[in-house]
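Text of model34.cif, listed as mmCIF, C-alpha atoms:
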```
data_my_file
loop_
_atom_site.label_atom_id
_atom_site.label_comp_id
_atom_site.auth_asym_id
_atom_site.auth_seq_id
_atom_site.Cartn_x
_atom_site.Cartn_y
_atom_site.Cartn_z
CA MET K 1 1.00 -36.46 38.35
CA THR K 2 1.43 -35.22 34.80
CA ASP K 3 -1.11 -35.03 31.99
CA ASP K 4 0.19 -38.35 30.63
CA GLN K 5 -0.30 -40.04 34.02
CA ALA K 6 -3.96 -39.11 34.34
CA THR K 7 -6.22 -42.13 33.99
CA GLY K 8 -9.33 -42.42 31.84
CA ASN K 9 -11.45 -41.51 34.90
CA GLU K 10 -9.53 -38.30 35.62
CA VAL K 11 -8.86 -34.93 33.99
CA ILE K 12 -6.23 -32.28 34.63
CA ARG K 13 -7.50 -28.93 35.96
CA ASP K 14 -5.25 -26.21 37.38
CA GLY K 15 -2.36 -28.64 37.34
CA ALA K 16 -4.23 -31.09 39.58
CA VAL K 17 -6.01 -34.32 38.79
CA MET K 18 -9.81 -34.12 39.07
CA PRO K 19 -12.02 -37.23 38.92
CA TRP K 20 -14.52 -37.30 36.08
CA MET K 21 -17.47 -37.23 38.48
CA GLU K 22 -16.16 -34.04 40.06
CA HIS K 23 -15.62 -32.63 36.58
CA LEU K 24 -19.23 -33.44 35.65
CA ARG K 25 -20.51 -31.94 38.89
CA GLU K 26 -18.77 -28.69 38.05
CA LEU K 27 -20.27 -28.80 34.55
CA ARG K 28 -23.72 -29.35 36.07
CA LYS K 29 -23.22 -26.38 38.42
CA ARG K 30 -22.40 -24.08 35.51
CA VAL K 31 -25.33 -25.38 33.45
CA ILE K 32 -27.64 -24.68 36.41
CA VAL K 33 -26.29 -21.13 36.65
CA VAL K 34 -26.93 -20.52 32.94
CA ALA K 35 -30.40 -22.09 33.18
CA GLY K 36 -31.24 -19.91 36.20
CA VAL K 37 -30.10 -16.74 34.46
CA PHE K 38 -32.05 -17.75 31.34
CA LEU K 39 -35.21 -18.27 33.42
CA VAL K 40 -34.85 -14.88 35.13
CA PHE K 41 -34.35 -13.07 31.81
CA ALA K 42 -37.25 -15.04 30.28
CA ILE K 43 -39.57 -13.82 33.03
CA VAL K 44 -38.36 -10.24 32.55
CA CYS K 45 -38.80 -10.45 28.76
CA PHE K 46 -42.26 -11.97 29.22
CA ALA K 47 -43.20 -9.01 31.43
CA ILE K 48 -41.88 -6.36 29.01
CA TYR K 49 -43.20 -8.17 25.94
CA PRO K 50 -45.03 -5.08 24.53
CA GLN K 51 -41.81 -3.05 24.46
CA ILE K 52 -39.83 -5.89 22.84
CA LEU K 53 -42.54 -6.45 20.23
CA ASP K 54 -42.57 -2.72 19.40
CA PHE K 55 -38.79 -2.86 19.02
CA LEU K 56 -38.92 -5.85 16.67
CA GLN K 57 -41.88 -4.44 14.75
CA ALA K 58 -40.23 -1.03 14.20
CA PRO K 59 -38.39 -2.04 10.97
CA TYR K 60 -41.70 -3.24 9.52
CA CYS K 61 -43.40 0.03 10.42
CA ARG K 62 -40.58 2.04 8.87
CA ALA K 63 -40.74 -0.07 5.69
CA ALA K 64 -44.51 -0.26 5.24
CA GLY K 65 -45.63 2.87 7.09
CA PRO K 66 -46.96 3.25 10.66
CA THR K 67 -50.57 2.64 9.60
CA LYS K 68 -49.80 -0.50 7.55
CA CYS K 69 -47.60 -2.54 9.87
CA GLN K 70 -50.18 -4.47 11.87
CA LEU K 71 -49.53 -8.14 12.62
CA TYR K 72 -52.48 -10.53 12.46
CA ILE K 73 -52.97 -13.73 14.44
CA ARG K 74 -55.05 -16.59 13.03
CA SER K 75 -55.55 -18.69 16.15
CA PRO K 76 -56.59 -17.88 19.75
CA LEU K 77 -53.33 -19.45 20.95
CA ASP K 78 -51.06 -17.47 18.61
CA GLY K 79 -50.86 -14.48 20.95
CA LEU K 80 -49.63 -16.59 23.86
CA ALA K 81 -47.22 -18.52 21.63
CA LEU K 82 -45.80 -15.27 20.31
CA ARG K 83 -45.24 -13.90 23.80
CA VAL K 84 -43.48 -17.09 24.90
CA GLN K 85 -41.29 -17.09 21.77
CA ILE K 86 -40.27 -13.47 22.27
CA ALA K 87 -39.50 -14.16 25.93
CA ALA K 88 -37.31 -17.13 24.91
CA TYR K 89 -35.48 -15.28 22.12
CA GLY K 90 -34.94 -12.21 24.29
CA SER K 91 -33.67 -14.30 27.18
CA LEU K 92 -31.30 -16.19 24.90
CA CYS K 93 -29.72 -12.95 23.69
CA CYS K 94 -29.40 -11.59 27.24
CA THR K 95 -27.98 -14.87 28.56
CA LEU K 96 -25.33 -15.22 25.84
CA PRO K 97 -22.57 -13.33 27.73
CA VAL K 98 -23.21 -15.47 30.82
CA MET K 99 -23.10 -18.65 28.72
CA LEU K 100 -19.76 -17.66 27.20
CA PHE K 101 -18.34 -16.63 30.60
CA GLU K 102 -19.39 -19.89 32.26
CA ALA K 103 -17.97 -21.87 29.34
CA TRP K 104 -14.72 -19.94 29.68
CA GLN K 105 -14.59 -20.55 33.44
CA PHE K 106 -15.16 -24.26 32.86
CA VAL K 107 -12.56 -24.69 30.12
CA VAL K 108 -9.76 -22.36 31.27
CA PRO K 109 -8.42 -24.49 34.20
CA GLY K 110 -7.67 -27.28 31.72
CA LEU K 111 -5.76 -25.04 29.32
CA LYS K 112 -2.07 -24.37 29.16
CA ALA K 113 -0.73 -20.98 30.26
CA LYS K 114 -0.34 -19.71 26.69
CA GLU K 115 -3.86 -20.84 25.81
CA ARG K 116 -5.32 -19.16 28.91
CA LYS K 117 -3.82 -15.86 27.82
CA TYR K 118 -6.00 -15.83 24.72
CA ALA K 119 -9.15 -17.35 26.22
CA LEU K 120 -10.73 -14.20 27.71
CA PRO K 121 -9.99 -11.95 24.69
CA PHE K 122 -11.57 -14.60 22.45
CA VAL K 123 -14.71 -14.73 24.61
CA LEU K 124 -15.00 -10.94 24.67
CA ALA K 125 -14.36 -10.66 20.93
CA ALA K 126 -16.88 -13.40 20.14
CA THR K 127 -19.56 -11.74 22.30
CA THR K 128 -18.93 -8.28 20.87
CA LEU K 129 -18.94 -9.46 17.26
CA PHE K 130 -22.09 -11.53 17.76
CA LEU K 131 -23.95 -8.54 19.20
CA ALA K 132 -22.57 -6.27 16.46
CA GLY K 133 -23.87 -8.67 13.83
CA MET K 134 -27.32 -8.70 15.41
CA VAL K 135 -27.43 -4.89 15.54
CA LEU K 136 -26.41 -4.63 11.89
CA ALA K 137 -29.10 -7.15 10.91
CA TYR K 138 -31.74 -5.20 12.81
CA PHE K 139 -31.02 -1.97 10.97
CA THR K 140 -30.67 -3.80 7.65
CA PHE K 141 -34.00 -5.57 8.06
CA GLU K 142 -36.00 -2.47 7.11
CA HIS K 143 -34.44 -2.41 3.63
CA ALA K 144 -34.88 -6.17 3.28
CA LEU K 145 -38.59 -5.82 4.04
CA GLN K 146 -38.97 -2.95 1.57
CA PHE K 147 -37.49 -5.18 -1.11
CA LEU K 148 -39.67 -8.17 -0.18
CA ILE K 149 -42.85 -6.08 0.02
CA THR K 150 -42.39 -4.22 -3.26
CA ILE K 151 -41.02 -7.07 -5.40
CA GLY K 152 -44.47 -8.64 -5.58
CA GLY K 153 -45.88 -5.61 -7.38
CA PRO K 154 -48.21 -2.75 -6.41
CA SER K 155 -51.31 -4.96 -6.34
CA VAL K 156 -49.88 -7.21 -3.61
CA ASN K 157 -50.43 -5.93 -0.06
CA PRO K 158 -48.53 -7.42 2.90
CA LEU K 159 -50.50 -9.20 5.62
CA PHE K 160 -47.97 -10.72 8.03
CA ASP K 161 -48.67 -13.03 10.91
CA PRO K 162 -46.45 -12.32 13.94
CA THR K 163 -44.92 -15.81 14.11
CA SER K 164 -43.53 -15.79 10.56
CA TYR K 165 -42.40 -12.17 10.94
CA LEU K 166 -40.67 -12.90 14.24
CA LYS K 167 -39.02 -16.01 12.77
CA LEU K 168 -37.62 -14.01 9.85
CA ILE K 169 -36.21 -11.09 11.83
CA VAL K 170 -34.77 -13.30 14.60
CA THR K 171 -33.27 -15.74 12.08
CA MET K 172 -31.68 -12.85 10.23
CA MET K 173 -30.23 -11.37 13.45
CA LEU K 174 -28.87 -14.75 14.52
CA ALA K 175 -27.44 -15.42 11.04
CA PHE K 176 -25.60 -12.10 11.06
CA GLY K 177 -24.40 -12.72 14.62
CA VAL K 178 -23.04 -16.19 13.81
CA THR K 179 -21.31 -15.13 10.58
CA PHE K 180 -19.67 -12.24 12.43
CA GLU K 181 -17.72 -14.90 14.37
CA PHE K 182 -15.77 -15.45 11.13
CA PRO K 183 -12.64 -13.47 12.19
CA VAL K 184 -12.54 -15.18 15.59
CA VAL K 185 -12.49 -18.58 13.89
CA LEU K 186 -9.79 -17.47 11.44
CA VAL K 187 -7.53 -16.09 14.19
CA ALA K 188 -8.00 -19.29 16.21
CA LEU K 189 -6.99 -21.39 13.19
CA GLU K 190 -3.92 -19.20 12.76
CA LEU K 191 -2.91 -19.60 16.40
CA VAL K 192 -3.12 -23.39 16.32
CA GLY K 193 -1.22 -23.53 13.05
CA VAL K 194 -3.94 -24.88 10.76
CA VAL K 195 -3.41 -21.92 8.43
CA THR K 196 -0.90 -19.07 8.30
CA PRO K 197 -1.43 -15.39 7.54
CA LYS K 198 0.71 -15.85 4.44
CA GLN K 199 -1.57 -18.63 3.16
CA LEU K 200 -4.71 -16.59 3.83
CA LEU K 201 -3.27 -13.61 1.99
CA ALA K 202 -2.30 -15.78 -0.98
CA TYR K 203 -5.88 -17.00 -1.41
CA TRP K 204 -7.64 -13.66 -0.89
CA ARG K 205 -9.42 -13.79 -4.26
CA ALA K 206 -10.93 -17.20 -3.59
CA ALA K 207 -11.78 -16.05 -0.07
CA ILE K 208 -13.78 -13.08 -1.38
CA ILE K 209 -15.77 -15.39 -3.66
CA GLY K 210 -16.36 -17.72 -0.72
CA VAL K 211 -17.45 -14.86 1.54
CA VAL K 212 -19.95 -13.56 -1.02
CA THR K 213 -21.33 -17.09 -1.41
CA LEU K 214 -21.51 -17.45 2.37
CA ALA K 215 -23.39 -14.16 2.64
CA ALA K 216 -25.88 -15.32 0.00
CA VAL K 217 -26.49 -18.58 1.86
CA PHE K 218 -26.76 -17.03 5.34
CA THR K 219 -29.07 -14.15 4.43
CA PRO K 220 -32.59 -15.42 5.23
CA SER K 221 -34.35 -12.56 3.40
CA GLY K 222 -32.49 -13.30 0.14
CA ASP K 223 -32.44 -9.64 -0.91
CA PRO K 224 -29.28 -8.27 -2.57
CA PHE K 225 -28.95 -5.30 -0.19
CA SER K 226 -28.72 -7.52 2.92
CA MET K 227 -26.27 -9.86 1.19
CA LEU K 228 -24.04 -6.90 0.32
CA VAL K 229 -24.26 -5.47 3.84
CA LEU K 230 -23.21 -8.85 5.27
CA ALA K 231 -20.48 -9.57 2.69
CA CYS K 232 -18.62 -6.26 3.03
CA PRO K 233 -17.82 -6.57 6.78
CA LEU K 234 -16.85 -10.23 6.33
CA ILE K 235 -14.34 -9.30 3.62
CA GLY K 236 -12.92 -6.65 5.93
CA PHE K 237 -12.81 -9.18 8.78
CA TYR K 238 -10.81 -11.56 6.55
CA PHE K 239 -7.99 -9.07 6.08
CA LEU K 240 -8.25 -7.94 9.72
CA ALA K 241 -7.78 -11.56 10.84
CA ILE K 242 -4.65 -11.78 8.66
CA GLY K 243 -3.23 -8.69 10.33
CA ILE K 244 -4.06 -9.93 13.83
CA GLY K 245 -2.54 -13.31 13.01
CA LYS K 246 0.72 -11.66 11.97
CA LEU K 247 0.85 -9.61 15.19
CA LEU K 248 0.20 -12.62 17.40
CA LYS K 249 2.86 -14.68 15.66
CA LYS K 250 5.57 -12.14 16.42
#
```
What is this structure when it is put down as structure tokens?
Amino acid sequence: MTDDQATGNEVIRDGAVMPWMEHLRELRKRVIVVAGVFLVFAIVCFAIYPQILDFLQAPYCRAAGPTKCQLYIRSPLDGLALRVQIAAYGSLCCTLPVMLFEAWQFVVPGLKAKERKYALPFVLAATTLFLAGMVLAYFTFEHALQFLITIGGPSVNPLFDPTSYLKLIVTMMLAFGVTFEFPVVLVALELVGVVTPKQLLAYWRAAIIGVVTLAAVFTPSGDPFSMLVLACPLIGFYFLAIGIGKLLKK
């Protein structure tokens, strides 16, 4: 049976027809695997919470000084909530490669041979770039904090609560990680024919303006240094995606 002969209750996987219920059972199995891995990592992150908190607090201590980087809770439940949040965020980051792998394993059997060839490199590239964006955000965060602390003037002293601090640093790391997927999206659009390398190259000036605007929108701290640090790699990624698109089209 061909793709065209499959009914509305069937899907094509590995050249064979699979009923929708079987397809959903496989999806459920992969979701359970991801959920199990997430739970295991969450327990581990909950146990090593002090080390993770020290890691996330380090940019603040470098920006404000080791004696001025305390975090203050305002409710008896804030400490527990913070530990749970850190366990969840840490587990999410650790589970990301498994999520992408399981998604790849689920989707690949339904792809054509040419599409399968690019599936694994795309997953690996997406994972690597996401982690690279998070690392860059972490090391940029110190300068962002210095800007945010000093812009209020010398008479304003920082007094951060851990929840708002954690939200800012995690949001910034996730924002950098997501925007670093920019070249993967561009190359995918080139492969499916939505845009061509020639078209992208022709609009490079408008693209740079768009990238700078994107960096301004996606930088949670709003400081100019972080926006510049995010915009420069994205501009480089734009031209890199053009080059990769030309190579893949040959």
*Which residues, written as a list of chain:residue names, have at least one atom at most 12 Å from Phe46 (chain K), with all atoms listed in the file counted and residues fewer than 5 positions away on the same chain left out?*
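Returned residues: K:Phe38, K:Leu39, K:Val40, K:Phe41, K:Gln51, K:Ile52, K:Leu53, K:Leu80, K:Ala81, K:Leu82, K:Arg83, K:Val84, K:Gln85, K:Ile86, K:Ala87, K:Ala88, K:Tyr89, K:Gly90, K:Ser91.
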Just C-alpha atoms for this one: save the residues we selected as an mmCIF file, in the coordinates of the input.
```cif
data_model
loop_
_atom_site.group_PDB
_atom_site.id
_atom_site.type_symbol
_atom_site.label_atom_id
_atom_site.label_comp_id
_atom_site.auth_asym_id
_atom_site.auth_seq_id
_atom_site.Cartn_x
_atom_site.Cartn_y
_atom_site.Cartn_z
ATOM 1 C CA PHE K 38 -32.050 -17.750 31.340
ATOM 2 C CA LEU K 39 -35.210 -18.270 33.420
ATOM 3 C CA VAL K 40 -34.850 -14.880 35.130
ATOM 4 C CA PHE K 41 -34.350 -13.070 31.810
ATOM 5 C CA GLN K 51 -41.810 -3.050 24.460
ATOM 6 C CA ILE K 52 -39.830 -5.890 22.840
ATOM 7 C CA LEU K 53 -42.540 -6.450 20.230
ATOM 8 C CA LEU K 80 -49.630 -16.590 23.860
ATOM 9 C CA ALA K 81 -47.220 -18.520 21.630
ATOM 10 C CA LEU K 82 -45.800 -15.270 20.310
ATOM 11 C CA ARG K 83 -45.240 -13.900 23.800
ATOM 12 C CA VAL K 84 -43.480 -17.090 24.900
ATOM 13 C CA GLN K 85 -41.290 -17.090 21.770
ATOM 14 C CA ILE K 86 -40.270 -13.470 22.270
ATOM 15 C CA ALA K 87 -39.500 -14.160 25.930
ATOM 16 C CA ALA K 88 -37.310 -17.130 24.910
ATOM 17 C CA TYR K 89 -35.480 -15.280 22.120
ATOM 18 C CA GLY K 90 -34.940 -12.210 24.290
ATOM 19 C CA SER K 91 -33.670 -14.300 27.180
#
```
Residue with the minimum atom-to-atom distance to Lys29 (chain K), picked from K:Tyr49, K:Phe101, K:Tyr203, K:Phe106 with only C-alpha atoms counted, is K:Phe106
Next on the checklist: List as a VMD selection string the protein and nucleic acid residues near Pro233 (chain K), meaning an atom at most 12 Å away when all atoms listed in the file are counted, but skip any in the same chain fewer than 3 places from it.
Outcome noted: chain K and resid 129 132 to 133 136 176 to 177 179 to 183 208 211 to 212 215 226 to 230 236 to 241
Going by the chain IDs and residue numbers used in this file, which residues fall under the PyMOL selection byres ((chain K and resi 139) around 12)? Write them as a list in words.
Phe55, Leu56, Gln57, Ala58, Pro59, Tyr60, Arg62, Ala63, Ala132, Gly133, Met134, Val135, Leu136, Ala137, Tyr138, Thr140, Phe141, Glu142, His143, Ala144, Leu145, Ile169, Met172, Met173, Phe176, Phe225, Ser226, Val229 and Leu230 of chain K
message = Neighbouring residues of Val187 (chain K) were defined as those with any atom within 6 Å, considering all atoms listed in the file; residues of the same chain fewer than 3 positions away were excluded. Please report them as a PyMOL selection string.
response = chain K and resi 184+190+241+245
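Picture a line from CA of Leu77 (chain K) to CA of Leu166 (chain K); it runs 15.8 Å.
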**Asked** Can you list, as number ranges by chain, the residues that the PyMOL selection byres ((chain K and resi 104) around 12) selects here?
**Response** K: 27, 30, 97-103, 105-111, 115-124, 126
Take the residues just selected and output them with C-alpha atoms as an mmCIF file, in the frame of the given file.
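And here is the file that came out, result-v7.cif:
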```cif
data_model
loop_
_atom_site.group_PDB
_atom_site.id
_atom_site.type_symbol
_atom_site.label_atom_id
_atom_site.label_comp_id
_atom_site.auth_asym_id
_atom_site.auth_seq_id
_atom_site.Cartn_x
_atom_site.Cartn_y
_atom_site.Cartn_z
ATOM 1 C CA LEU K 27 -20.270 -28.800 34.550
ATOM 2 C CA ARG K 30 -22.400 -24.080 35.510
ATOM 3 C CA PRO K 97 -22.570 -13.330 27.730
ATOM 4 C CA VAL K 98 -23.210 -15.470 30.820
ATOM 5 C CA MET K 99 -23.100 -18.650 28.720
ATOM 6 C CA LEU K 100 -19.760 -17.660 27.200
ATOM 7 C CA PHE K 101 -18.340 -16.630 30.600
ATOM 8 C CA GLU K 102 -19.390 -19.890 32.260
ATOM 9 C CA ALA K 103 -17.970 -21.870 29.340
ATOM 10 C CA GLN K 105 -14.590 -20.550 33.440
ATOM 11 C CA PHE K 106 -15.160 -24.260 32.860
ATOM 12 C CA VAL K 107 -12.560 -24.690 30.120
ATOM 13 C CA VAL K 108 -9.760 -22.360 31.270
ATOM 14 C CA PRO K 109 -8.420 -24.490 34.200
ATOM 15 C CA GLY K 110 -7.670 -27.280 31.720
ATOM 16 C CA LEU K 111 -5.760 -25.040 29.320
ATOM 17 C CA GLU K 115 -3.860 -20.840 25.810
ATOM 18 C CA ARG K 116 -5.320 -19.160 28.910
ATOM 19 C CA LYS K 117 -3.820 -15.860 27.820
ATOM 20 C CA TYR K 118 -6.000 -15.830 24.720
ATOM 21 C CA ALA K 119 -9.150 -17.350 26.220
ATOM 22 C CA LEU K 120 -10.730 -14.200 27.710
ATOM 23 C CA PRO K 121 -9.990 -11.950 24.690
ATOM 24 C CA PHE K 122 -11.570 -14.600 22.450
ATOM 25 C CA VAL K 123 -14.710 -14.730 24.610
ATOM 26 C CA LEU K 124 -15.000 -10.940 24.670
ATOM 27 C CA ALA K 126 -16.880 -13.400 20.140
#
```
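Distance-wise, CA of Val185 (chain K) and CA of Val34 (chain K) end up 24.0 Å apart.
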Pairwise distance, CA of Gly222 (chain K) with CA of Cys94 (chain K), equals 27.3 Å
- Task: Go through K:Cys69, K:Cys61, K:Ile48, K:Ala231 one by one, measure the shortest atom-to-atom distance of each to Phe160 (chain K) using all atoms listed in the file, and give the residue with the smallest value.
- Result: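 Using all atoms listed in the file, the shortest distance to Phe160 (chain K) belongs to K:Cys69.
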Requested in this report: Determine the nearest neighbour of Ala216 (chain K) from the options K:Val31, K:Leu189, K:Ala175, K:Ile242, counting only C-alpha atoms.
Outcome: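 With only C-alpha atoms as the atom set, the closest residue is K:Ala175.
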Can you tell me, as an MDAnalysis selection string, what residues are no more than 9 Å from Leu248 (chain K) when counting all atoms listed in the file, ignoring any on the same chain fewer than 4 positions away? chainID K and resid 191 243:244
